[in-house]
>>> print(open('final12.txt').read())   # compact mmCIF, C-alpha atoms and all ligand atoms
# COMPACT_ATOMS: atom_id res chain seq x y z
CA MET A 1 4.36 -29.70 11.06
CA ARG A 2 2.17 -32.14 9.19
CA ILE A 3 0.29 -35.16 10.47
CA THR A 4 -0.54 -38.05 8.15
CA CYS A 5 -4.08 -38.98 9.10
CA PRO A 6 -4.72 -42.69 8.37
CA LEU A 7 -7.99 -41.69 6.67
CA CYS A 8 -7.27 -38.28 5.07
CA GLY A 9 -3.54 -38.36 4.25
CA ALA A 10 -0.91 -35.74 5.12
CA ARG A 11 -2.56 -32.61 6.51
CA ASP A 12 -1.47 -29.34 8.03
CA LEU A 13 -1.18 -29.02 11.79
CA ARG A 14 -3.96 -26.41 11.82
CA GLU A 15 -6.59 -29.04 10.94
CA PHE A 16 -5.95 -30.79 14.26
CA SER A 17 -6.33 -30.10 17.95
CA VAL A 18 -4.30 -31.82 20.63
CA THR A 19 -5.69 -33.07 23.91
CA GLY A 20 -2.57 -34.33 25.66
CA SER A 21 -1.11 -37.66 26.65
CA ALA A 22 -2.52 -40.84 25.15
CA ALA A 23 -2.45 -42.19 28.71
CA LEU A 24 -6.12 -41.15 28.70
CA LEU A 25 -6.82 -44.32 26.69
CA ASN A 26 -5.75 -46.48 29.65
CA ARG A 27 -8.85 -45.99 31.72
CA PRO A 28 -8.80 -47.81 35.09
CA GLU A 29 -11.10 -50.81 35.46
CA GLU A 30 -14.35 -50.43 37.33
CA GLY A 31 -13.69 -50.54 41.08
CA ALA A 32 -10.07 -49.37 40.75
CA GLU A 33 -8.51 -47.79 43.83
CA LEU A 34 -8.35 -44.01 44.20
CA PRO A 35 -4.55 -43.75 43.70
CA GLU A 36 -5.02 -45.44 40.30
CA TRP A 37 -7.65 -42.85 39.32
CA ASP A 38 -5.40 -40.10 40.65
CA ASP A 39 -2.63 -41.35 38.34
CA TYR A 40 -5.00 -41.63 35.39
CA LEU A 41 -6.46 -38.17 35.79
CA HIS A 42 -3.55 -36.07 37.00
CA ASN A 43 -0.09 -37.62 36.78
CA ARG A 44 1.80 -37.49 33.50
CA ASP A 45 5.28 -38.29 32.32
CA ASN A 46 7.02 -35.41 30.60
CA PRO A 47 9.36 -37.18 28.19
CA ALA A 48 12.09 -35.48 26.16
CA GLY A 49 11.74 -37.68 23.08
CA PRO A 50 9.01 -39.92 21.66
CA SER A 51 5.66 -39.22 23.28
CA ASP A 52 2.18 -40.62 22.51
CA GLU A 53 -0.52 -37.96 22.32
CA LEU A 54 -4.22 -37.81 21.46
CA TRP A 55 -5.05 -35.56 18.52
CA TYR A 56 -8.45 -34.84 17.02
CA HIS A 57 -8.84 -34.29 13.28
CA SER A 58 -11.44 -31.57 13.63
CA GLY A 59 -10.75 -30.00 10.22
CA GLY A 60 -10.99 -33.36 8.46
CA CYS A 61 -12.51 -36.75 9.17
CA GLY A 62 -13.28 -36.19 12.86
CA ALA A 63 -11.23 -39.20 14.01
CA TRP A 64 -9.26 -39.33 17.25
CA LEU A 65 -5.66 -40.22 16.56
CA VAL A 66 -2.73 -41.44 18.60
CA VAL A 67 0.23 -39.44 17.33
CA ARG A 68 3.75 -40.46 18.39
CA ARG A 69 5.77 -37.26 18.32
CA ASP A 70 9.36 -36.52 19.32
CA THR A 71 9.04 -33.63 21.76
CA THR A 72 12.62 -32.51 21.10
CA SER A 73 12.29 -32.22 17.30
CA HIS A 74 8.50 -32.23 16.65
CA ALA A 75 9.10 -35.09 14.20
CA VAL A 76 5.91 -37.15 13.81
CA LEU A 77 6.96 -40.79 14.12
CA ASP A 78 3.66 -42.65 13.88
CA VAL A 79 -0.08 -41.97 13.54
CA ARG A 80 -2.88 -44.46 14.29
CA LEU A 81 -6.61 -44.38 14.83
CA ALA A 82 -7.26 -44.24 18.56
CA SER A 83 -10.17 -46.65 18.04
CA GLU A 84 -7.71 -49.30 16.85
CA GLN A 85 -5.14 -48.68 19.55
CA LYS A 86 -5.00 -51.24 22.33
CA THR A 87 -2.57 -50.05 24.97
CA MET B 1 -37.84 -43.41 5.49
CA GLY B 2 -39.32 -40.20 4.11
CA SER B 3 -37.28 -37.07 3.75
CA ILE B 4 -37.57 -34.59 6.59
CA SER B 5 -38.16 -30.92 6.01
CA LEU B 6 -38.46 -28.56 8.95
CA ILE B 7 -37.47 -25.41 7.14
CA LYS B 8 -39.48 -23.49 4.59
CA ALA B 9 -36.77 -21.82 2.55
CA PRO B 10 -33.87 -23.48 0.78
CA ALA B 11 -30.43 -22.86 2.32
CA LEU B 12 -29.33 -20.92 -0.75
CA GLU B 13 -31.54 -18.79 -2.97
CA GLN B 14 -28.78 -17.22 -5.00
CA ALA B 15 -29.04 -17.42 -8.76
CA PRO B 16 -26.19 -19.32 -10.41
CA PHE B 17 -23.04 -17.21 -10.62
CA GLU B 18 -20.61 -17.33 -13.54
CA ALA B 19 -17.08 -15.94 -13.78
CA ALA B 20 -13.63 -17.05 -14.98
CA GLY B 21 -15.21 -19.79 -17.07
CA LEU B 22 -16.71 -21.30 -13.95
CA ARG B 23 -20.29 -21.71 -12.78
CA LEU B 24 -21.39 -21.80 -9.15
CA GLU B 25 -24.86 -23.06 -8.30
CA ALA B 26 -26.82 -24.45 -5.40
CA VAL B 27 -28.01 -27.95 -6.16
CA GLU B 28 -30.62 -30.16 -4.56
CA PRO B 29 -28.90 -33.53 -4.13
CA GLY B 30 -32.04 -35.41 -3.11
CA PRO B 31 -32.32 -37.22 0.20
CA VAL B 32 -29.04 -37.40 2.14
CA THR B 33 -28.64 -39.94 4.94
CA ALA B 34 -25.57 -40.35 7.13
CA LEU B 35 -24.72 -43.96 7.96
CA MET B 36 -22.51 -44.98 10.89
CA PRO B 37 -22.34 -48.79 10.97
CA TYR B 38 -22.32 -50.51 14.32
CA ARG B 39 -19.09 -52.20 15.33
CA GLY B 40 -18.25 -55.07 13.00
CA ARG B 41 -21.31 -54.53 10.77
CA HIS B 42 -19.67 -52.85 7.79
CA ALA B 43 -19.85 -56.00 5.66
CA ALA B 44 -23.55 -56.41 6.48
CA VAL B 45 -24.22 -52.80 5.51
CA ALA B 46 -22.25 -53.25 2.29
CA THR B 47 -24.21 -56.38 1.37
CA ALA B 48 -27.56 -54.78 2.13
CA LEU B 49 -26.76 -51.67 0.09
CA GLU B 50 -25.46 -53.80 -2.75
CA LYS B 51 -28.75 -55.70 -2.86
CA SER B 52 -31.07 -52.74 -2.47
CA HIS B 53 -29.27 -50.08 -4.53
CA GLY B 54 -26.24 -51.59 -6.26
CA LEU B 55 -24.03 -49.68 -3.83
CA GLY B 56 -21.65 -50.89 -1.10
CA TRP B 57 -19.58 -49.48 1.75
CA PRO B 58 -16.92 -46.95 0.60
CA GLU B 59 -13.29 -46.96 1.69
CA PRO B 60 -11.96 -43.60 2.96
CA GLY B 61 -11.92 -41.16 0.05
CA GLN B 62 -14.15 -43.38 -2.10
CA VAL B 63 -17.51 -42.81 -3.78
CA ILE B 64 -19.63 -45.67 -5.09
CA ALA B 65 -22.30 -44.71 -7.61
CA SER B 66 -25.12 -46.62 -9.21
CA GLY B 67 -27.52 -44.81 -11.48
CA GLY B 68 -28.30 -41.48 -9.81
CA GLN B 69 -27.61 -42.91 -6.34
CA ARG B 70 -24.34 -42.60 -4.47
CA ILE B 71 -22.65 -43.48 -1.26
CA ALA B 72 -19.70 -41.25 -0.39
CA TRP B 73 -17.19 -41.64 2.43
CA SER B 74 -17.70 -38.54 4.55
CA ALA B 75 -15.89 -38.94 7.89
CA TYR B 76 -14.49 -41.49 10.33
CA ASN B 77 -16.80 -44.52 10.18
CA THR B 78 -19.36 -42.42 8.31
CA ALA B 79 -20.71 -42.31 4.78
CA LEU B 80 -23.48 -40.32 3.14
CA VAL B 81 -26.07 -42.00 0.97
CA ILE B 82 -27.12 -39.39 -1.58
CA GLY B 83 -30.20 -39.50 -3.76
CA ALA B 84 -31.65 -42.72 -2.43
CA GLU B 85 -34.37 -43.73 0.01
CA LEU B 86 -33.15 -46.46 2.34
CA PRO B 87 -35.05 -49.47 3.67
CA PRO B 88 -35.75 -49.08 7.41
CA ARG B 89 -34.37 -52.57 8.09
CA LEU B 90 -30.89 -51.25 7.33
CA ALA B 91 -31.08 -49.80 10.85
CA ASN B 92 -30.34 -53.33 12.15
CA HIS B 93 -26.73 -52.77 11.13
CA THR B 94 -26.11 -49.05 11.24
CA ALA B 95 -27.16 -45.76 12.73
CA MET B 96 -29.06 -43.84 10.03
CA THR B 97 -29.42 -40.08 10.26
CA PRO B 98 -31.45 -38.29 7.59
CA GLN B 99 -29.78 -34.94 6.97
CA GLY B 100 -32.99 -33.33 5.74
CA ASP B 101 -32.39 -29.64 5.16
CA GLY B 102 -29.37 -29.63 7.44
CA MET B 103 -26.87 -29.90 4.65
CA ALA B 104 -26.40 -27.68 1.63
CA CYS B 105 -24.72 -28.63 -1.63
CA LEU B 106 -22.85 -26.14 -3.82
CA ARG B 107 -21.66 -27.20 -7.25
CA LEU B 108 -18.70 -25.54 -8.91
CA SER B 109 -18.26 -26.53 -12.53
CA GLY B 110 -15.80 -25.64 -15.28
CA ALA B 111 -12.41 -26.99 -16.25
CA ALA B 112 -10.54 -24.68 -13.84
CA TRP B 113 -12.50 -25.47 -10.66
CA ARG B 114 -9.28 -26.53 -8.93
CA ASP B 115 -7.81 -23.04 -9.49
CA ALA B 116 -10.69 -21.43 -7.61
CA LEU B 117 -10.50 -23.91 -4.74
CA ALA B 118 -6.72 -23.49 -4.53
CA ARG B 119 -7.49 -20.05 -3.08
CA LEU B 120 -9.68 -21.51 -0.36
CA THR B 121 -8.24 -24.85 0.76
CA PRO B 122 -4.88 -26.67 0.70
CA LEU B 123 -6.55 -29.88 -0.55
CA THR B 124 -5.26 -31.26 -3.84
CA PHE B 125 -8.28 -33.48 -4.59
CA GLU B 126 -6.51 -36.74 -5.21
CA GLN B 127 -9.49 -38.69 -3.92
CA ASP B 128 -13.13 -38.70 -4.98
CA ALA B 129 -14.33 -37.72 -1.49
CA GLU B 130 -12.30 -35.54 0.85
CA ARG B 131 -13.01 -33.73 4.08
CA GLY B 132 -11.32 -30.42 4.71
CA MET B 133 -11.80 -26.75 5.36
CA LEU B 134 -13.13 -24.25 2.82
CA MET B 135 -11.46 -21.28 4.49
CA HIS B 136 -13.02 -21.74 7.96
CA VAL B 137 -16.04 -23.76 6.82
CA PRO B 138 -15.86 -27.55 7.34
CA ALA B 139 -16.75 -29.20 4.05
CA LEU B 140 -17.04 -32.49 2.21
CA PHE B 141 -15.72 -32.27 -1.36
CA LEU B 142 -16.93 -34.75 -3.97
CA ARG B 143 -14.89 -34.35 -7.11
CA GLY B 144 -16.12 -35.03 -10.61
CA ASP B 145 -14.41 -34.61 -13.99
CA ASP B 146 -15.23 -30.98 -14.62
CA ALA B 147 -16.97 -30.12 -11.39
CA VAL B 148 -16.81 -30.45 -7.65
CA GLU B 149 -19.69 -30.64 -5.20
CA VAL B 150 -19.15 -28.96 -1.85
CA PHE B 151 -21.36 -30.18 1.00
CA VAL B 152 -21.51 -27.87 4.02
CA MET B 153 -23.72 -27.44 7.04
CA ARG B 154 -26.75 -25.34 6.20
CA SER B 155 -25.80 -22.69 8.74
CA MET B 156 -22.60 -22.01 6.80
CA ALA B 157 -23.97 -22.29 3.26
CA ARG B 158 -24.01 -18.57 2.55
CA THR B 159 -20.48 -18.15 3.90
CA ALA B 160 -19.33 -20.99 1.63
CA TRP B 161 -21.10 -19.37 -1.31
CA HIS B 162 -19.46 -16.03 -0.55
CA GLU B 163 -16.00 -17.62 -0.37
CA LEU B 164 -16.48 -19.45 -3.66
CA GLN B 165 -17.93 -16.46 -5.46
CA SER B 166 -15.06 -14.24 -4.23
CA ALA B 167 -12.46 -16.76 -5.41
CA MET B 168 -14.11 -16.84 -8.85
CA GLU B 169 -14.16 -13.04 -9.05
CA ARG B 170 -10.48 -12.85 -8.14
CA LEU B 171 -9.58 -15.49 -10.73
CA ALA B 172 -11.43 -13.44 -13.34
CA GLY B 173 -9.68 -10.27 -12.12
CA ARG B 174 -6.27 -11.92 -12.38
CA ALA B 175 -7.09 -13.14 -15.92
CA ALA B 176 -8.16 -9.60 -16.93
CA ILE B 177 -4.80 -8.01 -16.04
CA SER B 178 -2.47 -10.68 -17.42
ZN ZN C 1 -8.57 -37.39 9.08
>>> encode(input="final12.txt", output="structure tokens")
Amino acid sequence: MRITCPLCGARDLREFSVTGSAALLNRPEEGAELPEWDDYLHNRDNPAGPSDELWYHSGGCGAWLVVRRDTTSHAVLDVRLASEQKT
Amino acid sequence: MGSISLIKAPALEQAPFEAAGLRLEAVEPGPVTALMPYRGRHAAVATALEKSHGLGWPEPGQVIASGGQRIAWSAYNTALVIGAELPPRLANHTAMTPQGDGMACLRLSGAAWRDALARLTPLTFEQDAERGMLMHVPALFLRGDDAVEVFVMRSMARTAWHELQSAMERLAGRAAIS
């Protein structure tokens, strides 16, 4: 599996570490109700198919990436800088 | 901004090593400062560096050189200014972190430098500045025509040296039997 980092180019999986769902980017607003925080912190979809995940390019540029990956085939469909992602 | 030195001994005291037509040496790159521009200030940093040093802000993978001074892309939103003292007012636009003795620079020269590095990293060096792993050591590679400079954290300088020297010895060994 290779991930094409927007800054470094196509790199081996071993240069990256994965943190989990990109839902972490959708932080609740200040003053949000507890159920919203509960959702944000604990509840995740578990899709069979395209899934947005946060990956860190630790062995390269050090950028956080949003990687869209098909969980049934491991095909990488899209890679963006997390800093440029507005979800 | 003056250079900072907290450590008495250089990171590497090895004498230059030669094998397989290659030469490995520790080099003193001069002052190294990491710049991380504040949001939206890249153009201001580029303009200021252009005026003060004939440099600019590098795209990913790019190195801009002027005289003996360089700015090299080195990570996400980060570039290293090498061999130049920077005006303090640049701090209006960017975080500036002098690297002092924290970074070591190893220079591998000789036409076949890529053959030695092929044993240590999957990088193919298509860009002037690339981040990657030298075995398990995080490194910034600045490629030249017949040489590459490998910047690593000081704490890993001797490991990086050992890896490079071993690769050179194995290249020479392979040449001797074929
Ligand atoms: Zn990268």
>>> residues_around(input="final12.txt", residues="A:Arg69", least_positions_apart="6", cutoff="10 Å", atoms="only C-alpha atoms", output="ChimeraX atom specification")
/A:3,49-53,75-79
>>> closest_residue(input="final12.txt", among="B:Ala79, B:Ala118, B:Leu108, B:Leu171", to="chain A", atoms="all atoms listed in the file")
B:Ala79
>>> closest_residue(input="final12.txt", among="B:Arg131, B:Arg114, B:Arg23, B:His162", to="A:Cys5", atoms="only C-alpha atoms")
B:Arg131
>>> closest_residue(input="final12.txt", among="A:Arg27, A:His42, A:Arg2, A:His74", to="ligand ZN 1 (chain C)", atoms="only C-alpha atoms and all ligand atoms")
A:Arg2
>>> closest_atom_pairs(input="final12.txt", of="chain B", to="chain A", cutoff="10 Å", atoms="all atoms listed in the file", output="CSV")
residue,atom,partner,partner_atom,distance
B:Glu59,CA,A:Leu7,CA,9.0
B:Pro60,CA,A:Leu7,CA,5.8
B:Gly61,CA,A:Cys8,CA,7.4
B:Trp73,CA,A:Cys61,CA,9.6
B:Ser74,CA,A:Cys61,CA,7.2
B:Ala75,CA,A:Cys61,CA,4.2
B:Tyr76,CA,A:Cys61,CA,5.3
B:Asn77,CA,A:Ala63,CA,8.6
B:Thr78,CA,A:Cys61,CA,8.9
B:Pro122,CA,A:Asp12,CA,8.5
B:Leu123,CA,A:Arg11,CA,8.6
B:Gln127,CA,A:Cys8,CA,9.3
B:Ala129,CA,A:Cys8,CA,9.7
B:Glu130,CA,A:Cys8,CA,7.1
B:Arg131,CA,A:Gly60,CA,4.8
B:Gly132,CA,A:Gly60,CA,4.8
B:Met133,CA,A:Gly59,CA,5.9
B:Leu134,CA,A:Gly59,CA,9.7
B:His136,CA,A:Gly59,CA,8.9
B:Val137,CA,A:Gly59,CA,8.9
B:Pro138,CA,A:Gly59,CA,6.4
B:Ala139,CA,A:Gly60,CA,8.4
B:Leu140,CA,A:Gly60,CA,8.7
>>> atom_distance(input="final12.txt", atom1="atom CA of B:Asp145", atom2="atom CA of B:Ser166")
22.6 Å
>>> closest_residue(input="final12.txt", among="A:Ala48, A:Glu84, A:Tyr56, A:Leu24", to="ligand ZN 1 (chain C)", atoms="only C-alpha atoms and all ligand atoms")
A:Tyr56
>>> residues_around(input="final12.txt", residues="B:Gly144", least_positions_apart="3", cutoff="12 Å", atoms="only C-alpha atoms", output="list in words")
Val63, Ala65, Arg107, Leu108, Ser109, Gly110, Ala111, Trp113, Arg114, Phe125, Glu126, Gln127, Asp128, Ala129, Phe141, Ala147, Val148, Glu149 and Val150 of chain B
>>> residues_around(input="final12.txt", residues="B:Val81", least_positions_apart="4", cutoff="7 Å", atoms="all atoms listed in the file", output="NGL selection string")
:B and (32-34 or 70-72)
>>> atom_distance(input="final12.txt", atom1="atom CA of B:Met103", atom2="atom CA of A:Arg80")
29.7 Å
>>> atom_distance(input="final12.txt", atom1="atom CA of A:Arg68", atom2="atom CA of A:Gln85")
12.2 Å
>>> closest_residue(input="final12.txt", among="A:Trp55, A:Glu36, A:Asp45, A:Ala22", to="ligand ZN 1 (chain C)", atoms="only C-alpha atoms and all ligand atoms")
A:Trp55
>>> residues_around(input="final12.txt", residues="B:Pro88", least_positions_apart="3", cutoff="12 Å", atoms="all atoms listed in the file", output="list in words")
Met1, Gly2, Thr33, Ala48, Leu49, Ser52, Glu85, Ala91, Asn92, His93, Thr94, Ala95, Met96, Thr97 and Pro98 of chain B
>>> write_last_selection(input="final12.txt", atoms="C-alpha atoms", output="PDB file, keeping the file's coordinate frame")
ATOM      1  CA  MET B   1     -37.840 -43.410   5.490  1.00  0.00           C
ATOM      2  CA  GLY B   2     -39.320 -40.200   4.110  1.00  0.00           C
ATOM      3  CA  THR B  33     -28.640 -39.940   4.940  1.00  0.00           C
ATOM      4  CA  ALA B  48     -27.560 -54.780   2.130  1.00  0.00           C
ATOM      5  CA  LEU B  49     -26.760 -51.670   0.090  1.00  0.00           C
ATOM      6  CA  SER B  52     -31.070 -52.740  -2.470  1.00  0.00           C
ATOM      7  CA  GLU B  85     -34.370 -43.730   0.010  1.00  0.00           C
ATOM      8  CA  ALA B  91     -31.080 -49.800  10.850  1.00  0.00           C
ATOM      9  CA  ASN B  92     -30.340 -53.330  12.150  1.00  0.00           C
ATOM     10  CA  HIS B  93     -26.730 -52.770  11.130  1.00  0.00           C
ATOM     11  CA  THR B  94     -26.110 -49.050  11.240  1.00  0.00           C
ATOM     12  CA  ALA B  95     -27.160 -45.760  12.730  1.00  0.00           C
ATOM     13  CA  MET B  96     -29.060 -43.840  10.030  1.00  0.00           C
ATOM     14  CA  THR B  97     -29.420 -40.080  10.260  1.00  0.00           C
ATOM     15  CA  PRO B  98     -31.450 -38.290   7.590  1.00  0.00           C
TER      16      PRO B  98
END
>>> residues_around(input="final12.txt", residues="A:Arg44", least_positions_apart="4", cutoff="8 Å", atoms="only C-alpha atoms", output="PyMOL selection string")
chain A and resi 21+23+39
>>> closest_residue(input="final12.txt", among="B:Asp101, B:Leu117, B:Met153, B:Gln14", to="B:Arg170", atoms="all atoms listed in the file")
B:Leu117
>>> decode(input="final12.txt", residues="stretch 51-77 of chain B", atoms="N, CA, C and O atoms", output="compact mmCIF listing (two decimals), in the first residue's frame")
# COMPACT_ATOMS: atom_id res chain seq x y z
N LYS B 51 14.62 40.34 -0.40
CA LYS B 51 15.31 41.62 -0.19
C LYS B 51 16.61 41.44 0.58
O LYS B 51 17.64 41.99 0.22
N SER B 52 16.56 40.67 1.67
CA SER B 52 17.72 40.61 2.55
C SER B 52 18.81 39.66 2.04
O SER B 52 19.99 39.89 2.27
N HIS B 53 18.43 38.59 1.34
CA HIS B 53 19.42 37.57 0.99
C HIS B 53 19.33 37.07 -0.45
O HIS B 53 20.06 36.15 -0.83
N GLY B 54 18.41 37.62 -1.24
CA GLY B 54 18.23 37.10 -2.59
C GLY B 54 17.60 35.72 -2.60
O GLY B 54 17.73 34.97 -3.56
N LEU B 55 16.91 35.37 -1.51
CA LEU B 55 16.26 34.06 -1.43
C LEU B 55 14.75 34.24 -1.64
O LEU B 55 14.33 35.22 -2.22
N GLY B 56 13.95 33.32 -1.18
CA GLY B 56 12.50 33.40 -1.31
C GLY B 56 11.90 32.34 -0.41
O GLY B 56 12.55 31.90 0.54
N TRP B 57 10.68 31.92 -0.71
CA TRP B 57 10.09 30.81 0.05
C TRP B 57 9.98 29.60 -0.88
O TRP B 57 9.38 29.69 -1.94
N PRO B 58 10.58 28.44 -0.50
CA PRO B 58 10.62 27.30 -1.41
C PRO B 58 9.32 26.50 -1.44
O PRO B 58 8.65 26.35 -0.42
N GLU B 59 8.97 26.02 -2.62
CA GLU B 59 7.89 25.05 -2.76
C GLU B 59 8.37 23.72 -2.17
O GLU B 59 9.58 23.52 -2.02
N PRO B 60 7.43 22.79 -1.86
CA PRO B 60 7.88 21.47 -1.38
C PRO B 60 8.90 20.85 -2.34
O PRO B 60 8.69 20.84 -3.55
N GLY B 61 10.00 20.37 -1.79
CA GLY B 61 11.03 19.73 -2.60
C GLY B 61 12.04 20.69 -3.20
O GLY B 61 13.01 20.26 -3.82
N GLN B 62 11.83 22.00 -2.99
CA GLN B 62 12.67 23.00 -3.66
C GLN B 62 13.76 23.55 -2.74
O GLN B 62 13.60 23.60 -1.52
N VAL B 63 14.87 23.95 -3.38
CA VAL B 63 15.93 24.68 -2.69
C VAL B 63 16.19 25.96 -3.49
O VAL B 63 16.29 25.91 -4.71
N ILE B 64 16.27 27.09 -2.79
CA ILE B 64 16.63 28.34 -3.45
C ILE B 64 17.99 28.76 -2.89
O ILE B 64 18.17 28.81 -1.67
N ALA B 65 18.94 29.01 -3.78
CA ALA B 65 20.29 29.36 -3.34
C ALA B 65 20.69 30.71 -3.89
O ALA B 65 20.26 31.12 -4.97
N SER B 66 21.49 31.41 -3.11
CA SER B 66 22.02 32.69 -3.55
C SER B 66 23.38 32.88 -2.88
O SER B 66 23.46 33.02 -1.66
N GLY B 67 24.43 32.85 -3.69
CA GLY B 67 25.76 32.86 -3.10
C GLY B 67 25.92 31.60 -2.27
O GLY B 67 25.52 30.52 -2.66
N GLY B 68 26.47 31.71 -1.07
CA GLY B 68 26.62 30.54 -0.22
C GLY B 68 25.41 30.30 0.68
O GLY B 68 25.44 29.44 1.55
N GLN B 69 24.33 31.08 0.46
CA GLN B 69 23.18 31.00 1.35
C GLN B 69 22.05 30.25 0.67
O GLN B 69 21.86 30.35 -0.53
N ARG B 70 21.31 29.47 1.48
CA ARG B 70 20.25 28.65 0.89
C ARG B 70 19.02 28.66 1.78
O ARG B 70 19.12 28.81 3.00
N ILE B 71 17.88 28.46 1.14
CA ILE B 71 16.69 28.09 1.90
C ILE B 71 16.16 26.82 1.26
O ILE B 71 15.99 26.73 0.05
N ALA B 72 15.95 25.80 2.10
CA ALA B 72 15.54 24.49 1.61
C ALA B 72 14.22 24.10 2.27
O ALA B 72 14.08 24.20 3.50
N TRP B 73 13.25 23.66 1.46
CA TRP B 73 12.04 23.07 2.03
C TRP B 73 12.48 21.92 2.93
O TRP B 73 13.38 21.15 2.57
N SER B 74 11.87 21.81 4.12
CA SER B 74 12.33 20.74 4.99
C SER B 74 11.21 19.96 5.66
O SER B 74 11.46 18.90 6.23
N ALA B 75 9.99 20.44 5.60
CA ALA B 75 8.86 19.72 6.20
C ALA B 75 7.60 20.52 5.89
O ALA B 75 7.67 21.60 5.28
N TYR B 76 6.45 20.00 6.35
CA TYR B 76 5.20 20.72 6.20
C TYR B 76 5.33 22.14 6.75
O TYR B 76 5.72 22.30 7.92
N ASN B 77 5.08 23.12 5.92
CA ASN B 77 5.12 24.53 6.33
C ASN B 77 6.45 24.95 6.95
O ASN B 77 6.50 25.87 7.76
